[in-house]
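Report on the following structure.
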Amino acid sequence: MAGHSKWANIKRQKARVDAVKGKVFAKISRQIIVAARTGVPDPEGNFQLRTAIDKAKAAGIPNDNIERAIAKGAGTLGGDNDALEEIRYEGYGPSGVAILIEALTDNRNRTAADLRAAFSKNGGNLGETGCVSWMFEQKGVASVPGPIDEDRLLEASLQGSAETYELTDVDETEGAEVFSEVSHLEDVVTALKKAEYQVSQAELRWIPDNVIDVTDEDQARSLLKLMDALEDLDDIQNVTANFDMSEELLTVVMD
């Protein structure tokens with residue numbers, strides 16, 4: 001499965017930088033609010049909320065902020081959080097790269113206008129619903145930093161009803177990513193922890209069916225600028241694309 005990509009690596013590096021700047025606080029807080037609103041406001045009985053809280057703690061968000069976001073989602077702190085909608089947008093970037101965007105917004109018109117501007121300024125186009133989503137399949141992904149005992153990982157993956165795994169760097173060390181059906185992600189995380197593996201992140205990820213290899217330097221630079229511009233929009237929670245590029249080209253265009 002081509003679940004691991006250069007963009008996944010870039011996003012992780014960018015998230016660490018953004019966490020220092022406090023830029024991810026609002027986005028993760030929104031995830032907590034929505035999770036608490038759509039399920040019980042108790043992480044013990046709400047896997048989505050528990051996962052969002054783990055992400056918040058990993059980003060260094062203070063406990064007070066986390067508790068306040070849970071209270072907002074539960075409706076005990078006030079605020080118009082019912083207005084937040086989960087919306088998926090789709091479009092194309094340079095080199096015909098397919099881009100899938102997940103947003104949490106209280107104003108569809110504002111979000112669409114911001115996305116359209118980001119695409120047009122960086123050589124892409126915001127498309128209609130369904131134009132690229134058929135190229136992606138949503139999976140559960142559990143990230144496990146190493147060292148990895150592959151036999152033990154395989155056994156835990158099977159016990160959790162995982163589909164497959166990939167040995168890859170996680171949090172700048174050797175590790176693995178374990179892939180499952182969306183409905184089995186919690187089972188996978190439980191099985192991995194039972195096998196005494198640390199799970200640094202559990203998330204739903206859109207996996208592309210095919211990958212475009214970007215080789216042109218100008219196209220690569222424009223594409224990364226577009227992805228960065230999309231990720232930086234306040235209403236945007238996640239951006240996924242079906243591209244890859246060599247480490248050499250990546251180094252050149254990111255300098």
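Every chain in the structure tokens takes a letter, A first, then B, and so on in the order presented; its residues are numbered from 1, and the ligands are numbered from 1 following the presented order.
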So that I can see what lies close to Asp114 (chain A), please list as JSON, numbers by chain the residues with an atom at most 9 Å from it, counting only C-alpha atoms and leaving out residues fewer than 5 positions away in the same chain.
{"A": [109, 119, 230, 233]}
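Omitting Lys57 (chain A) and its sequence neighbours fewer than 2 positions away, and counting only C-alpha atoms, the residues within 12 Å are Ala19, Val24, Phe25, Ile28, Ser29, Ile32, Arg50, Thr51, Ala52, Ile53, Asp54, Lys55, Ala59, Gly60, Ile61, Pro62, Asn63, Asp64, Asn65, Ile66, Glu67, Ser200 and Gln201 of chain A.
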Write out, as a PDB file, in the first residue's frame, the residues just selected, with C-alpha atoms.
ATOM      1  CA  ALA A  19       3.363  23.445  17.214  1.00  0.00           C
ATOM      2  CA  VAL A  24      -1.880  23.909  15.467  1.00  0.00           C
ATOM      3  CA  PHE A  25      -3.625  24.737  18.752  1.00  0.00           C
ATOM      4  CA  ILE A  28      -6.658  20.454  17.175  1.00  0.00           C
ATOM      5  CA  SER A  29      -9.000  22.251  19.573  1.00  0.00           C
ATOM      6  CA  ILE A  32     -11.712  18.011  20.148  1.00  0.00           C
ATOM      7  CA  ARG A  50      -9.371  10.199  22.884  1.00  0.00           C
ATOM      8  CA  THR A  51      -7.341  10.324  19.666  1.00  0.00           C
ATOM      9  CA  ALA A  52      -7.767  14.111  19.381  1.00  0.00           C
ATOM     10  CA  ILE A  53      -6.685  14.569  22.997  1.00  0.00           C
ATOM     11  CA  ASP A  54      -3.586  12.420  22.407  1.00  0.00           C
ATOM     12  CA  LYS A  55      -2.753  14.587  19.393  1.00  0.00           C
ATOM     13  CA  ALA A  59       1.547  19.058  20.266  1.00  0.00           C
ATOM     14  CA  GLY A  60       2.062  20.482  23.745  1.00  0.00           C
ATOM     15  CA  ILE A  61      -1.416  21.967  24.166  1.00  0.00           C
ATOM     16  CA  PRO A  62      -2.007  22.718  27.869  1.00  0.00           C
ATOM     17  CA  ASN A  63      -4.521  20.567  29.747  1.00  0.00           C
ATOM     18  CA  ASP A  64      -6.648  23.636  30.517  1.00  0.00           C
ATOM     19  CA  ASN A  65      -7.078  24.276  26.797  1.00  0.00           C
ATOM     20  CA  ILE A  66      -8.008  20.638  26.204  1.00  0.00           C
ATOM     21  CA  GLU A  67     -10.593  20.642  28.998  1.00  0.00           C
ATOM     22  CA  SER A 200       2.468   7.934  18.646  1.00  0.00           C
ATOM     23  CA  GLN A 201      -0.521   8.756  16.454  1.00  0.00           C
TER      24      GLN A 201
END
Just asking: which residues within region 85-252 of chain A are alpha helix (DSSP H) according to DSSP, as a VMD selection string?
chain A and resid 108 to 121 150 to 159 185 to 194 217 to 231 247 to 252
Find the residues around Val239 (chain A) up to 9 Å (only C-alpha atoms counted), leave out those fewer than 5 positions away in its own chain, and share them as a ChimeraX atom specification.
/A:99-103,227,230-231
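Using only C-alpha atoms, the contacts of region 180-193 of chain A at a cut-off of 8 Å, with sequence neighbours closer than 3 positions omitted, comprise A:Phe47, A:Gln138, A:Lys139, A:Gly140, A:Val141, A:Ala142, A:Leu153, A:Ala156, A:Ser157, A:Gln159, A:Gly160, A:Ser161, A:Ala162, A:Glu163, A:Thr164, A:Glu196, A:Tyr197, A:Gln198, A:Val199, A:Ala202, A:Leu204.
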What does the file look like for those residues with N, CA and C atoms, as a PDB file, in the first residue's frame?
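So the final result, stored in result.pdb, reads:
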ATOM      1  N   PHE A  47     -13.558   7.126  21.157  1.00  0.00           N
ATOM      2  CA  PHE A  47     -12.230   6.921  20.573  1.00  0.00           C
ATOM      3  C   PHE A  47     -11.777   8.144  19.783  1.00  0.00           C
ATOM      4  N   GLN A 138     -10.185   5.906   2.268  1.00  0.00           N
ATOM      5  CA  GLN A 138      -9.869   6.266   3.646  1.00  0.00           C
ATOM      6  C   GLN A 138      -9.522   5.017   4.456  1.00  0.00           C
ATOM      7  N   LYS A 139      -8.428   5.107   5.199  1.00  0.00           N
ATOM      8  CA  LYS A 139      -7.965   4.008   6.038  1.00  0.00           C
ATOM      9  C   LYS A 139      -7.621   4.528   7.437  1.00  0.00           C
ATOM     10  N   GLY A 140      -7.616   3.634   8.393  1.00  0.00           N
ATOM     11  CA  GLY A 140      -7.084   3.936   9.705  1.00  0.00           C
ATOM     12  C   GLY A 140      -5.589   3.680   9.694  1.00  0.00           C
ATOM     13  N   VAL A 141      -4.821   4.589  10.298  1.00  0.00           N
ATOM     14  CA  VAL A 141      -3.359   4.446  10.321  1.00  0.00           C
ATOM     15  C   VAL A 141      -2.851   4.658  11.743  1.00  0.00           C
ATOM     16  N   ALA A 142      -2.139   3.670  12.251  1.00  0.00           N
ATOM     17  CA  ALA A 142      -1.509   3.782  13.564  1.00  0.00           C
ATOM     18  C   ALA A 142      -0.001   3.861  13.360  1.00  0.00           C
ATOM     19  N   LEU A 153       5.079  -7.342  15.680  1.00  0.00           N
ATOM     20  CA  LEU A 153       4.209  -6.363  15.027  1.00  0.00           C
ATOM     21  C   LEU A 153       3.162  -7.064  14.175  1.00  0.00           C
ATOM     22  N   ALA A 156       0.479  -8.626  16.439  1.00  0.00           N
ATOM     23  CA  ALA A 156      -0.420  -7.603  16.983  1.00  0.00           C
ATOM     24  C   ALA A 156      -1.333  -7.055  15.894  1.00  0.00           C
ATOM     25  N   SER A 157      -0.795  -6.870  14.694  1.00  0.00           N
ATOM     26  CA  SER A 157      -1.599  -6.354  13.585  1.00  0.00           C
ATOM     27  C   SER A 157      -2.736  -7.311  13.242  1.00  0.00           C
ATOM     28  N   GLN A 159      -4.090  -9.528  15.265  1.00  0.00           N
ATOM     29  CA  GLN A 159      -5.045  -9.535  16.377  1.00  0.00           C
ATOM     30  C   GLN A 159      -5.969  -8.324  16.331  1.00  0.00           C
ATOM     31  N   GLY A 160      -5.474  -7.208  15.809  1.00  0.00           N
ATOM     32  CA  GLY A 160      -6.285  -5.998  15.700  1.00  0.00           C
ATOM     33  C   GLY A 160      -7.044  -5.878  14.399  1.00  0.00           C
ATOM     34  N   SER A 161      -7.003  -6.938  13.557  1.00  0.00           N
ATOM     35  CA  SER A 161      -7.686  -6.944  12.257  1.00  0.00           C
ATOM     36  C   SER A 161      -7.132  -5.893  11.300  1.00  0.00           C
ATOM     37  N   ALA A 162      -5.819  -5.626  11.401  1.00  0.00           N
ATOM     38  CA  ALA A 162      -5.176  -4.700  10.460  1.00  0.00           C
ATOM     39  C   ALA A 162      -5.079  -5.351   9.086  1.00  0.00           C
ATOM     40  N   GLU A 163      -4.941  -4.523   8.048  1.00  0.00           N
ATOM     41  CA  GLU A 163      -4.823  -5.024   6.685  1.00  0.00           C
ATOM     42  C   GLU A 163      -3.371  -5.245   6.290  1.00  0.00           C
ATOM     43  N   THR A 164      -2.517  -4.300   6.674  1.00  0.00           N
ATOM     44  CA  THR A 164      -1.109  -4.385   6.299  1.00  0.00           C
ATOM     45  C   THR A 164      -0.313  -3.405   7.142  1.00  0.00           C
ATOM     46  N   GLU A 196       2.741  -3.993  23.807  1.00  0.00           N
ATOM     47  CA  GLU A 196       3.722  -3.094  24.403  1.00  0.00           C
ATOM     48  C   GLU A 196       4.431  -2.214  23.376  1.00  0.00           C
ATOM     49  N   TYR A 197       3.696  -1.905  22.307  1.00  0.00           N
ATOM     50  CA  TYR A 197       4.185  -0.897  21.366  1.00  0.00           C
ATOM     51  C   TYR A 197       3.592   0.461  21.750  1.00  0.00           C
ATOM     52  N   GLN A 198       4.384   1.501  21.568  1.00  0.00           N
ATOM     53  CA  GLN A 198       3.877   2.856  21.740  1.00  0.00           C
ATOM     54  C   GLN A 198       3.213   3.275  20.431  1.00  0.00           C
ATOM     55  N   VAL A 199       2.016   3.837  20.507  1.00  0.00           N
ATOM     56  CA  VAL A 199       1.341   4.372  19.323  1.00  0.00           C
ATOM     57  C   VAL A 199       1.420   5.893  19.411  1.00  0.00           C
ATOM     58  N   ALA A 202      -2.756   7.953  16.000  1.00  0.00           N
ATOM     59  CA  ALA A 202      -3.779   7.147  15.338  1.00  0.00           C
ATOM     60  C   ALA A 202      -4.687   8.111  14.597  1.00  0.00           C
ATOM     61  N   LEU A 204      -7.280   8.867  10.781  1.00  0.00           N
ATOM     62  CA  LEU A 204      -7.875   8.446   9.523  1.00  0.00           C
ATOM     63  C   LEU A 204      -7.143   9.184   8.413  1.00  0.00           C
TER      64      LEU A 204
END
So, with only C-alpha atoms as the atoms that count, which of A:Pro208, A:Val178, A:Asp234, A:Glu248 lies closest to Asn107 (chain A)?
A:Asp234
Among region 125-199 of chain A, which ones does DSSP assign to strand (DSSP E) (computed from the backbone)? Answer as JSON, numbers by chain.
{"A": [125, 126, 136, 137, 138, 139, 140, 141, 142, 143, 144, 145, 164, 165, 166, 167, 175, 176, 177, 178, 179, 180]}
